[in-house]
file entry_32.cif (mmCIF, C-alpha atoms)
data_start
loop_
_atom_site.label_atom_id
_atom_site.label_comp_id
_atom_site.auth_asym_id
_atom_site.auth_seq_id
_atom_site.Cartn_x
_atom_site.Cartn_y
_atom_site.Cartn_z
CA MET W 11 0.00 0.00 0.00
CA ALA W 12 1.61 3.23 -1.12
CA ARG W 13 -0.44 5.64 0.95
CA LEU W 14 -3.80 6.42 2.51
CA SER W 15 -6.26 8.75 0.85
CA SER W 16 -5.98 12.25 2.25
CA GLY W 17 -9.75 12.59 2.58
CA TRP W 18 -9.88 10.65 5.85
CA ARG W 19 -10.48 13.00 8.73
CA GLY W 20 -7.48 11.72 10.65
CA GLY W 21 -5.12 13.13 8.03
CA ALA W 22 -2.90 11.56 5.44
CA VAL W 23 -0.24 9.03 6.29
CA PRO W 24 3.13 9.76 4.65
CA ALA W 25 3.77 7.77 1.51
CA LEU W 26 5.96 4.72 1.84
CA PRO W 27 8.97 4.50 -0.48
CA ALA W 28 8.39 2.35 -3.55
CA LEU W 29 10.96 -0.18 -4.68
CA PRO W 30 12.17 -0.08 -8.29
CA ALA W 31 9.77 -1.95 -10.54
CA LEU W 32 10.67 -4.90 -12.69
CA ALA W 33 9.91 -4.93 -16.40
CA TYR W 34 6.95 -7.05 -17.35
CA ARG W 35 5.36 -8.29 -20.49
CA TRP W 36 1.62 -8.85 -20.26
CA ARG W 37 0.67 -12.29 -21.53
CA GLN W 38 -2.90 -12.61 -22.73
CA GLY W 39 -4.87 -15.60 -21.57
CA GLN W 40 -3.04 -16.37 -18.35
CA PRO W 41 -5.57 -17.95 -15.97
CA ASP W 42 -4.32 -16.08 -12.91
CA GLY W 43 -3.58 -12.84 -14.72
CA ILE W 44 0.03 -12.69 -13.52
CA PRO W 45 2.48 -10.93 -15.85
CA GLU W 46 5.91 -12.44 -16.41
CA PRO W 47 9.27 -10.92 -17.29
CA LEU W 48 9.97 -10.86 -21.01
CA LEU W 49 13.00 -13.16 -20.85
CA ILE W 50 12.14 -15.37 -17.88
CA ARG W 51 12.15 -18.43 -20.13
CA PHE W 52 11.99 -19.42 -23.79
CA GLY W 53 11.08 -23.08 -23.25
CA ARG W 54 11.85 -25.41 -26.09
CA TRP W 55 12.72 -22.53 -28.45
CA ALA W 56 15.67 -21.32 -26.35
CA TRP W 57 18.18 -22.82 -28.81
CA VAL W 58 17.01 -20.63 -31.68
CA LEU W 59 19.00 -17.53 -30.70
CA PRO W 60 22.44 -19.19 -30.28
CA ALA W 61 21.81 -21.26 -33.42
CA ALA W 62 20.99 -18.12 -35.40
CA LEU W 63 24.11 -16.41 -34.04
CA LEU W 64 26.26 -19.39 -35.04
CA LEU W 65 24.83 -19.37 -38.55
CA ALA W 66 25.35 -15.62 -38.88
CA VAL W 67 28.99 -15.86 -37.80
CA VAL W 68 29.66 -18.71 -40.25
CA LEU W 69 28.13 -16.75 -43.12
CA VAL W 70 30.16 -13.67 -42.26
CA GLY W 71 33.30 -15.80 -42.15
CA GLN W 72 32.55 -17.37 -45.53
CA PHE W 73 31.83 -14.12 -47.35
CA GLY W 74 34.10 -11.78 -45.41
CA GLY W 75 37.34 -12.96 -46.91
CA PRO W 76 40.56 -14.32 -45.36
CA SER W 77 41.30 -11.10 -43.52
CA LEU W 78 38.25 -11.51 -41.31
CA LYS W 79 38.72 -13.82 -38.33
CA VAL W 80 35.57 -15.31 -36.81
CA ALA W 81 37.19 -17.09 -33.86
CA ASN W 82 36.37 -14.36 -31.34
CA TRP W 83 32.82 -14.08 -32.59
CA LEU W 84 32.19 -17.80 -32.30
CA THR W 85 32.99 -17.66 -28.58
CA LEU W 86 29.80 -15.63 -28.16
CA VAL W 87 27.65 -18.60 -29.21
CA PRO W 88 28.08 -20.72 -26.03
CA LEU W 89 27.89 -17.60 -23.86
CA VAL W 90 24.52 -16.66 -25.38
CA ALA W 91 23.36 -20.26 -24.96
CA ALA W 92 24.36 -20.13 -21.30
CA GLY W 93 21.88 -17.35 -20.68
CA LEU W 94 18.95 -19.20 -22.26
CA CYS W 95 19.56 -22.95 -22.44
CA SER W 96 20.36 -25.86 -20.16
CA PRO W 97 23.98 -26.81 -19.37
CA TRP W 98 23.78 -29.77 -21.79
CA VAL W 99 22.55 -27.59 -24.66
CA THR W 100 25.20 -25.01 -23.81
CA ALA W 101 27.89 -27.71 -23.93
CA PHE W 102 26.55 -28.84 -27.32
CA PHE W 103 26.77 -25.31 -28.73
CA GLY W 104 30.26 -24.94 -27.23
CA LEU W 105 31.47 -28.11 -28.95
CA LEU W 106 29.77 -27.03 -32.16
CA ALA W 107 31.51 -23.64 -31.98
CA LEU W 108 34.92 -25.31 -31.53
CA VAL W 109 34.41 -27.64 -34.49
CA THR W 110 32.95 -24.88 -36.65
CA ASN W 111 35.82 -22.52 -35.93
CA ARG W 112 38.46 -25.06 -36.93
CA THR W 113 36.50 -25.96 -40.07
CA VAL W 114 35.93 -22.37 -41.15
CA ASN W 115 39.51 -21.39 -40.31
CA ALA W 116 40.91 -24.22 -42.42
CA ALA W 117 38.55 -23.60 -45.32
CA VAL W 118 39.02 -19.83 -45.50
CA THR W 119 42.62 -19.23 -44.50
CA ASP W 120 44.00 -22.68 -45.22
CA ALA W 121 45.78 -22.56 -41.89
CA HIS W 122 45.53 -24.21 -38.54
CA LEU W 123 44.08 -22.44 -35.53
CA PRO W 124 46.82 -21.07 -33.20
CA ALA W 125 47.14 -22.99 -29.96
CA GLU W 126 46.51 -19.93 -27.77
CA ASP W 127 43.27 -19.18 -29.65
CA PHE W 128 42.11 -22.75 -29.23
CA VAL W 129 42.82 -22.65 -25.48
CA LEU W 130 40.87 -19.39 -25.22
CA GLU W 131 37.89 -20.99 -26.94
CA VAL W 132 37.96 -24.01 -24.64
CA VAL W 133 38.08 -21.78 -21.57
CA SER W 134 35.16 -19.74 -22.96
CA VAL W 135 33.11 -22.91 -23.46
CA LEU W 136 33.83 -24.16 -19.95
CA LEU W 137 32.93 -20.75 -18.53
CA ALA W 138 29.65 -20.78 -20.48
CA ILE W 139 28.78 -24.21 -19.10
CA PHE W 140 29.51 -23.01 -15.57
CA ILE W 141 27.25 -19.95 -16.11
CA ALA W 142 24.50 -22.21 -17.44
CA VAL W 143 24.72 -24.40 -14.33
CA LEU W 144 24.47 -21.37 -12.04
CA ARG W 145 21.55 -19.94 -14.03
CA THR W 146 19.72 -23.26 -13.92
CA GLN W 147 20.15 -23.51 -10.17
CA ALA W 148 18.87 -19.94 -9.76
CA ARG W 149 15.88 -20.67 -12.00
CA ASP W 150 15.01 -23.80 -10.01
CA TYR W 151 15.21 -21.80 -6.79
CA VAL W 152 12.87 -19.17 -8.20
CA HIS W 153 10.43 -21.88 -9.26
CA ARG W 154 10.45 -23.36 -5.76
CA LEU W 155 9.95 -19.89 -4.31
CA GLN W 156 7.04 -19.31 -6.66
CA GLY W 157 5.52 -22.63 -5.62
CA VAL W 158 5.60 -21.69 -1.94
CA ALA W 159 4.25 -18.21 -2.68
CA GLU W 160 1.53 -19.66 -4.90
CA THR W 161 0.42 -21.96 -2.08
CA THR W 162 0.27 -18.98 0.27
CA ARG W 163 -1.68 -17.01 -2.30
CA GLN W 164 -4.22 -19.79 -2.73
CA VAL W 165 -4.83 -19.86 1.03
CA LEU W 166 -5.06 -16.10 1.41
CA LEU W 167 -6.73 -15.32 -1.92
CA ARG W 168 -8.98 -18.27 -2.60
CA PRO W 169 -10.42 -18.80 -6.08
CA VAL W 170 -14.06 -17.74 -6.36
CA PRO W 171 -16.34 -20.31 -8.05
CA PRO W 172 -18.83 -19.02 -10.65
CA GLY W 173 -22.08 -17.95 -9.04
CA TRP W 174 -20.64 -18.24 -5.54
CA ALA W 175 -22.81 -16.61 -2.87
CA GLY W 176 -25.49 -15.88 -5.42
CA VAL W 177 -23.57 -13.10 -7.19
CA ASP W 178 -21.64 -12.85 -10.41
CA SER W 179 -18.08 -12.02 -9.37
CA ALA W 180 -14.52 -11.96 -10.69
CA ALA W 181 -11.23 -11.25 -8.93
CA ARG W 182 -7.67 -10.73 -10.07
CA TYR W 183 -4.42 -10.23 -8.18
CA LEU W 184 -1.38 -8.80 -9.95
CA ALA W 185 1.83 -8.90 -7.93
CA ALA W 186 4.46 -6.23 -8.46
CA ASP W 187 7.05 -8.81 -7.39
CA VAL W 188 6.71 -11.58 -9.97
CA GLU W 189 8.87 -13.94 -7.92
CA ALA W 190 6.88 -13.65 -4.70
CA ARG W 191 3.43 -13.35 -6.34
CA VAL W 192 1.83 -12.36 -3.05
CA GLY W 193 1.84 -9.19 -0.96
CA GLY W 194 -0.34 -7.22 1.43
CA ASP W 195 -3.44 -6.98 -0.76
CA PHE W 196 -6.35 -9.26 0.07
CA TYR W 197 -9.91 -9.99 -1.00
CA GLU W 198 -12.71 -12.41 -0.24
CA VAL W 199 -16.17 -13.27 -1.56
CA LEU W 200 -18.12 -14.81 1.30
CA ALA W 201 -21.35 -16.78 1.09
CA THR W 202 -23.53 -16.25 4.17
CA PRO W 203 -27.16 -16.95 5.14
CA ARG W 204 -27.79 -13.20 4.72
CA GLY W 205 -26.37 -13.01 1.21
CA ALA W 206 -22.97 -12.33 -0.29
CA ARG W 207 -20.40 -10.24 1.52
CA VAL W 208 -17.22 -9.16 -0.22
CA LEU W 209 -14.01 -7.69 1.14
CA LEU W 210 -11.04 -5.96 -0.47
CA GLY W 211 -8.16 -4.44 1.45
CA ASP W 212 -4.53 -3.44 1.50
CA VAL W 213 -2.12 -3.86 4.42
CA GLN W 214 0.52 -1.22 5.13
CA GLY W 215 3.99 -2.50 4.35
CA LYS W 216 5.44 -5.36 2.33
CA GLY W 217 6.82 -8.84 2.79
CA LEU W 218 5.88 -11.60 5.21
CA PRO W 219 4.62 -9.26 7.99
CA ALA W 220 2.09 -7.76 5.55
CA VAL W 221 1.05 -11.22 4.35
CA SER W 222 0.61 -12.37 7.96
CA THR W 223 -1.53 -9.33 8.77
CA ALA W 224 -3.65 -9.84 5.66
CA GLY W 225 -4.18 -13.47 6.64
CA ALA W 226 -5.37 -12.45 10.11
CA LEU W 227 -7.88 -9.97 8.69
CA VAL W 228 -9.22 -12.34 6.04
CA GLY W 229 -9.63 -15.07 8.66
CA ALA W 230 -11.56 -12.73 10.94
CA PHE W 231 -13.81 -11.66 8.07
CA ARG W 232 -14.55 -15.24 7.05
CA GLU W 233 -15.74 -16.14 10.53
CA ALA W 234 -17.43 -12.93 11.66
CA GLY W 235 -18.88 -12.19 8.22
CA TYR W 236 -20.62 -15.54 8.15
CA HIS W 237 -21.97 -15.62 11.71
CA GLU W 238 -22.72 -11.97 12.49
CA PRO W 239 -25.89 -10.47 10.96
CA ASP W 240 -24.71 -6.86 11.49
CA LEU W 241 -21.79 -5.58 9.42
CA SER W 242 -20.86 -3.12 12.16
CA VAL W 243 -20.15 -6.09 14.41
CA VAL W 244 -18.06 -7.63 11.64
CA ALA W 245 -16.06 -4.40 11.42
CA THR W 246 -15.52 -4.40 15.20
CA ARG W 247 -14.38 -8.02 15.17
CA MET W 248 -11.85 -7.31 12.43
CA GLU W 249 -10.54 -4.28 14.34
CA GLN W 250 -10.10 -6.39 17.47
CA ARG W 251 -8.40 -9.14 15.51
CA LEU W 252 -5.84 -6.72 14.12
CA LYS W 253 -5.10 -5.39 17.61
CA ARG W 254 -4.42 -8.91 18.86
CA HIS W 255 -2.27 -9.62 15.82
CA ASN W 256 -0.18 -6.49 16.40
CA ALA W 257 0.25 -7.47 20.05
CA LEU W 258 1.49 -10.90 18.98
CA MET W 259 3.94 -9.36 16.51
CA ARG W 260 5.30 -7.05 19.21
CA ALA W 261 5.88 -10.05 21.44
CA LEU W 262 7.78 -11.67 18.58
CA GLY W 263 10.08 -8.67 18.21
CA ASP W 264 8.30 -6.63 15.51
CA PRO W 265 7.36 -3.30 17.14
CA GLN W 266 5.63 -1.83 14.08
CA GLU W 267 1.90 -1.24 14.47
CA ARG W 268 0.37 -2.30 11.18
CA PHE W 269 -2.90 -1.05 9.77
CA ALA W 270 -4.95 -1.74 6.66
CA THR W 271 -7.41 0.08 4.48
CA GLY W 272 -10.35 -1.89 3.16
CA VAL W 273 -13.96 -2.03 2.04
CA ILE W 274 -16.73 -4.45 2.94
CA VAL W 275 -19.79 -4.61 0.69
CA GLY W 276 -22.80 -6.69 1.71
CA PHE W 277 -25.47 -7.86 -0.74
CA PRO W 278 -28.50 -8.76 1.42
CA THR W 279 -30.87 -11.36 0.03
CA GLU W 280 -33.85 -9.04 0.53
CA GLY W 281 -34.29 -5.51 -0.78
CA PRO W 282 -32.39 -3.45 -3.37
CA ASP W 283 -29.99 -1.91 -0.85
CA ILE W 284 -26.38 -2.94 -0.41
CA GLU W 285 -24.32 -2.27 2.71
CA VAL W 286 -20.92 -0.59 2.60
CA VAL W 287 -18.31 -0.27 5.35
CA ASN W 288 -15.24 1.71 4.33
CA PHE W 289 -12.01 1.59 6.37
CA GLY W 290 -10.24 4.64 4.93
CA HIS W 291 -10.16 3.12 1.45
CA GLU W 292 -10.98 4.65 -1.89
CA GLY W 293 -14.70 4.17 -2.48
CA PRO W 294 -15.85 1.40 -4.84
CA LEU W 295 -17.09 2.45 -8.27
CA VAL W 296 -20.39 1.29 -9.73
CA ILE W 297 -20.69 0.93 -13.50
CA GLY W 298 -24.02 0.30 -15.18
CA PRO W 299 -26.73 1.67 -17.46
CA ARG W 300 -26.73 4.95 -15.52
CA GLY W 301 -23.02 5.44 -16.07
CA VAL W 302 -20.43 5.50 -13.28
CA ARG W 303 -20.91 6.54 -9.66
CA ARG W 304 -18.84 6.19 -6.52
CA LEU W 305 -19.99 4.51 -3.33
CA PRO W 306 -19.27 6.05 0.09
CA GLN W 307 -15.56 6.31 0.83
CA GLU W 308 -13.15 7.30 3.59
CA GLN W 309 -15.89 7.43 6.25
CA GLY W 310 -13.76 5.89 8.92
CA PRO W 311 -10.19 5.12 9.92
CA PRO W 312 -8.17 2.21 8.59
CA LEU W 313 -8.32 -1.05 10.45
CA GLY W 314 -6.01 -0.83 13.42
CA LEU W 315 -6.58 2.90 13.98
CA ALA W 316 -10.20 2.98 15.16
CA ASP W 317 -9.22 4.16 18.65
CA LEU W 318 -8.13 7.47 17.14
CA VAL W 319 -11.73 8.42 16.26
CA GLY W 320 -13.72 6.44 18.81
CA GLY W 321 -14.66 3.33 16.86
CA PRO W 322 -14.98 1.62 13.46
CA PRO W 323 -16.73 3.28 10.50
CA PRO W 324 -20.53 3.29 10.08
CA VAL W 325 -22.55 1.02 7.81
CA CYS W 326 -23.94 2.88 4.78
CA ARG W 327 -26.83 1.62 2.68
CA VAL W 328 -26.93 2.29 -1.04
CA VAL W 329 -29.56 1.34 -3.63
CA MET W 330 -28.31 -0.88 -6.46
CA GLU W 331 -30.07 -1.06 -9.79
CA GLN W 332 -30.36 -3.95 -12.20
CA GLY W 333 -27.29 -4.41 -14.39
CA GLU W 334 -24.90 -2.45 -12.17
CA THR W 335 -21.48 -3.86 -11.31
CA VAL W 336 -19.48 -2.88 -8.23
CA LEU W 337 -15.74 -2.49 -8.82
CA LEU W 338 -13.28 -2.52 -5.93
CA VAL W 339 -9.58 -1.93 -6.54
CA SER W 340 -6.47 -1.43 -4.47
CA ASP W 341 -4.25 1.61 -4.88
CA GLY W 342 -1.97 -0.42 -7.13
CA VAL W 343 -4.65 0.18 -9.77
CA SER W 344 -5.80 3.72 -9.01
CA GLU W 345 -2.22 4.96 -8.51
CA ALA W 346 -0.61 3.16 -11.44
CA ARG W 347 1.54 5.65 -13.36
CA ASP W 348 2.65 5.89 -16.94
CA ARG W 349 6.18 6.86 -18.01
CA ALA W 350 5.31 10.54 -17.59
CA GLY W 351 4.16 9.98 -13.99
CA ARG W 352 0.43 10.40 -14.69
CA PHE W 353 -2.06 8.30 -12.72
CA LEU W 354 -4.39 5.87 -14.46
CA PRO W 355 -7.59 7.84 -15.33
CA LEU W 356 -9.79 5.10 -13.95
CA ARG W 357 -13.12 6.88 -13.73
CA PRO W 358 -12.97 8.53 -17.18
CA TRP W 359 -12.03 5.17 -18.66
CA LEU W 360 -14.97 3.50 -16.91
CA GLU W 361 -17.32 6.20 -18.15
CA ARG W 362 -16.28 5.49 -21.73
CA LEU W 363 -16.71 1.78 -21.08
CA ALA W 364 -20.20 2.38 -19.68
CA THR W 365 -21.11 4.25 -22.86
CA ASP W 366 -19.99 1.27 -24.93
CA HIS W 367 -22.02 -1.13 -22.73
CA PRO W 368 -25.39 0.56 -22.14
CA ASP W 369 -26.90 -2.62 -20.68
CA GLY W 370 -24.08 -3.11 -18.17
CA ILE W 371 -20.96 -5.25 -18.24
CA ALA W 372 -20.19 -8.61 -16.64
CA PRO W 373 -17.52 -8.66 -13.90
CA GLY W 374 -15.22 -11.01 -15.77
CA GLU W 375 -15.26 -8.89 -18.92
CA LEU W 376 -14.79 -5.71 -16.88
CA LEU W 377 -11.66 -7.03 -15.17
CA ARG W 378 -10.25 -8.35 -18.44
CA LEU W 379 -10.58 -4.97 -20.12
CA LEU W 380 -9.37 -3.06 -17.06
CA THR W 381 -6.30 -5.28 -16.66
CA ASP W 382 -5.36 -4.74 -20.29
CA GLN W 383 -5.80 -0.99 -19.85
CA LEU W 384 -3.75 -1.02 -16.65
CA PHE W 385 -0.75 -2.63 -18.32
CA ARG W 386 -1.02 -0.44 -21.39
CA HIS W 387 -1.07 2.67 -19.20
CA ALA W 388 1.82 1.52 -17.01
CA ALA W 389 3.82 0.30 -20.01
CA GLY W 390 3.92 -3.16 -18.48
CA ARG W 391 5.50 -1.98 -15.21
CA LEU W 392 3.82 -2.31 -11.82
CA THR W 393 5.26 -0.52 -8.80
CA ASP W 394 2.70 -1.87 -6.35
CA ASP W 395 0.50 -4.94 -6.06
CA ALA W 396 -2.81 -4.48 -7.86
CA THR W 397 -6.00 -6.22 -6.75
CA LEU W 398 -9.31 -6.03 -8.59
CA LEU W 399 -12.70 -7.36 -7.54
CA ALA W 400 -15.96 -6.91 -9.45
CA VAL W 401 -19.39 -8.07 -8.26
CA ARG W 402 -22.82 -7.92 -9.88
CA LEU W 403 -26.19 -9.08 -8.61
CA PRO W 404 -27.86 -11.65 -10.89
CA PRO W 405 -31.20 -10.82 -12.53
CA ARG W 406 -34.11 -10.98 -10.15
CA GLY W 407 -35.45 -14.48 -9.79
CA ALA W 408 -32.24 -16.05 -11.14
CA GLY W 409 -31.73 -18.16 -8.02
CA SER W 410 -30.83 -18.10 -4.35
CA PRO W 411 -27.37 -17.58 -2.89
CA VAL W 412 -24.99 -20.49 -2.82
CA THR W 413 -23.93 -21.13 0.76
CA PRO W 414 -21.53 -23.73 2.11
#
call {"tool": "encode", "arguments": {"input": "entry_32.cif", "output": "structure tokens"}}
result
Amino acid sequence: MARLSSGWRGGAVPALPALPALAYRWRQGQPDGIPEPLLIRFGRWAWVLPAALLLAVVLVGQFGGPSLKVANWLTLVPLVAAGLCSPWVTAFFGLLALVTNRTVNAAVTDAHLPAEDFVLEVVSVLLAIFIAVLRTQARDYVHRLQGVAETTRQVLLRPVPPGWAGVDSAARYLAADVEARVGGDFYEVLATPRGARVLLGDVQGKGLPAVSTAGALVGAFREAGYHEPDLSVVATRMEQRLKRHNALMRALGDPQERFATGVIVGFPTEGPDIEVVNFGHEGPLVIGPRGVRRLPQEQGPPLGLADLVGGPPPVCRVVMEQGETVLLVSDGVSEARDRAGRFLPLRPWLERLATDHPDGIAPGELLRLLTDQLFRHAAGRLTDDATLLAVRLPPRGAGSPVTP
């Protein structure tokens, strides 16, 4: 979480420093919507680049004349292979470069390769193989790290089945750190006897402490949100849970008092009203036939800071119309910047989208289009985790909520 909105009565919290972003390439069709670095892997086509380089060097040597020596250029072939291929493939290209150099040298200059040049080539090949081994070990470590992080993400950010809790919903989490794939953002779509209740939030800070705090808040919401009929009680329970979590962290040697912004939206089974509890977060946006409007925002302190204003935020009731979709995003979306430093114009973009979809837009399609727009605006670079959650009530009479 980069910062809190300055509209909260308690005042703005100073922005936290952002780490340098990694370069990403957005890959269409990924089931989890996670971008990957451009050169993280080439798969079975990794050999193409060193093979093309080898062919190019041979052609230059054939048509360049006797005065042009290709020995130094051929040493680049195994080094390029080391950055993309396995150690065995790198060794193959190294051997091929040695044989090719002697063949080309004999055919063009009608002379044998000097001993010192041959030794240099052998050393270059061995160095390339060593680099390939180190790169492979690093890649395997990253894969194991991703596996652990993915397991954590699945526990904290559970997949939402279609039609779960009687609402049409879609969620997407985009990690700024592609290796960790999990941060302080969290969301949940909860099925309860009183209808669907959804949560989206963002914990202050990064790393394992933020993940631990997010897990505590999501766990409290899952239990209190299911059993408590009043959302104000749910808010109080989450506030108390965060206090206990901070106390535990202090006992473990972490003195930092963590807080989190967030929004709870309840979709009662009866009546057109929805319930909104906002913990110092940017208000959700509603897109539908009437255009775009914003739900109540910043009406209370973040979770963990309720004592500063005498208690958790109030519960607001808002009328929802047929075909409207509620969009909740973390500040990784609303504060995404382009190369010139301009923020993503989220609301104007949604207003244009609403014009193109006069009958409303499904949550899944909304998140697909918004994710594409986010990466186009940010030129493929994320400086903060981005979480998106869209929810729409089904047509009246379409069925009852799905509860566990």
call {"tool": "atom_distance", "arguments": {"input": "entry_32.cif", "atom1": "CA of Ala364 (chain W)", "atom2": "CA of Ser344 (chain W)"}}
result
18.0 Å
call {"tool": "closest_residue", "arguments": {"input": "entry_32.cif", "among": "W:Pro219, W:His237, W:Gly173, W:Arg149", "to": "Gly263 (chain W)", "atoms": "all atoms listed in the file"}}
result
W:Pro219
call {"tool": "residues_near_point", "arguments": {"input": "entry_32.cif", "point": "(-17.1, -1.3, -16.1)", "cutoff": "9 Å", "atoms": "all atoms listed in the file", "output": "MDAnalysis selection string"}}
result
chainID W and resid 295:298 301:302 334:337 359:364 367 370:373 375:377 379:380 400
call {"tool": "resolve_selection", "arguments": {"input": "entry_32.cif", "expression": "the PyMOL selection byres ((chain W and resi 106) around 12)", "output": "PyMOL selection string"}}
result
chain W and resi 60-61+64-65+68+84-85+87-88+91+99-105+107-114+131-132+135
call {"tool": "resolve_selection", "arguments": {"input": "entry_32.cif", "expression": "the PyMOL selection byres ((chain W and resi 178) around 9)", "output": "MDAnalysis selection string"}}
result
chainID W and resid 172:177 179:180 372:374 400:404
call {"tool": "axis_aligned_box", "arguments": {"input": "entry_32.cif", "around": "region 221-233 of chain W", "padding_each_side": "8 Å", "output": "JSON"}}
result
{"center_x": -7.3, "center_y": -12.7, "center_z": 7.6, "size_x": 32.8, "size_y": 22.8, "size_z": 22.6}
call {"tool": "residues_near_point", "arguments": {"input": "entry_32.cif", "point": "(-4.4, -1.5, -8.8)", "cutoff": "12 Å", "atoms": "all atoms listed in the file", "output": "ChimeraX atom specification"}}
result
/W:11-12,181-186,195-196,210-212,292,337-347,353-356,377,380-385,387-388,391-399
call {"tool": "residues_around", "arguments": {"input": "entry_32.cif", "residues": "Thr271 (chain W)", "least_positions_apart": "5", "cutoff": "7 Å", "atoms": "only C-alpha atoms", "output": "tab-separated table (two decimals) with C-alpha atoms, in the frame of the given file"}}
result
chain	number	residue	atom	x	y	z
W	211	GLY	CA	-8.16	-4.44	1.45
W	212	ASP	CA	-4.53	-3.44	1.50
W	213	VAL	CA	-2.12	-3.86	4.42
W	289	PHE	CA	-12.01	1.59	6.37
W	290	GLY	CA	-10.24	4.64	4.93
W	291	HIS	CA	-10.16	3.12	1.45
W	312	PRO	CA	-8.17	2.21	8.59
W	313	LEU	CA	-8.32	-1.05	10.45
call {"tool": "closest_residue", "arguments": {"input": "entry_32.cif", "among": "W:Pro278, W:Gly314, W:Gly217, W:Gly293", "to": "His255 (chain W)", "atoms": "all atoms listed in the file"}}
result
W:Gly314
call {"tool": "residues_around", "arguments": {"input": "entry_32.cif", "residues": "Val244 (chain W)", "least_positions_apart": "2", "cutoff": "6 Å", "atoms": "all atoms listed in the file", "output": "ChimeraX atom specification"}}
result
/W:234-235,241-242,246-247
call {"tool": "resolve_selection", "arguments": {"input": "entry_32.cif", "expression": "the PyMOL selection byres ((chain W and resi 203) around 8)", "output": "list in words"}}
result
Ala201, Thr202, Arg204, Gly205, Tyr236 and Thr413 of chain W
call {"tool": "residues_around", "arguments": {"input": "entry_32.cif", "residues": "Gly276 (chain W)", "least_positions_apart": "5", "cutoff": "10 Å", "atoms": "only C-alpha atoms", "output": "MDAnalysis selection string"}}
result
chainID W and resid 199:200 202 204:209 235 240:241 283:287 325 327
call {"tool": "atom_distance", "arguments": {"input": "entry_32.cif", "atom1": "CA of Leu167 (chain W)", "atom2": "CA of Ala220 (chain W)"}}
result
13.8 Å
call {"tool": "closest_residue", "arguments": {"input": "entry_32.cif", "among": "W:Leu136, W:Leu63, W:Val329, W:Leu218", "to": "Glu280 (chain W)", "atoms": "only C-alpha atoms"}}
result
W:Val329
call {"tool": "atom_distance", "arguments": {"input": "entry_32.cif", "atom1": "CA of Leu144 (chain W)", "atom2": "CA of Val58 (chain W)"}}
result
21.0 Å
call {"tool": "closest_residue", "arguments": {"input": "entry_32.cif", "among": "W:Val170, W:Thr365, W:Glu198, W:Val165", "to": "Ser222 (chain W)", "atoms": "only C-alpha atoms"}}
result
W:Val165
call {"tool": "closest_residue", "arguments": {"input": "entry_32.cif", "among": "W:Pro311, W:Pro239, W:Pro299, W:Pro169", "to": "Pro323 (chain W)", "atoms": "all atoms listed in the file"}}
result
W:Pro311
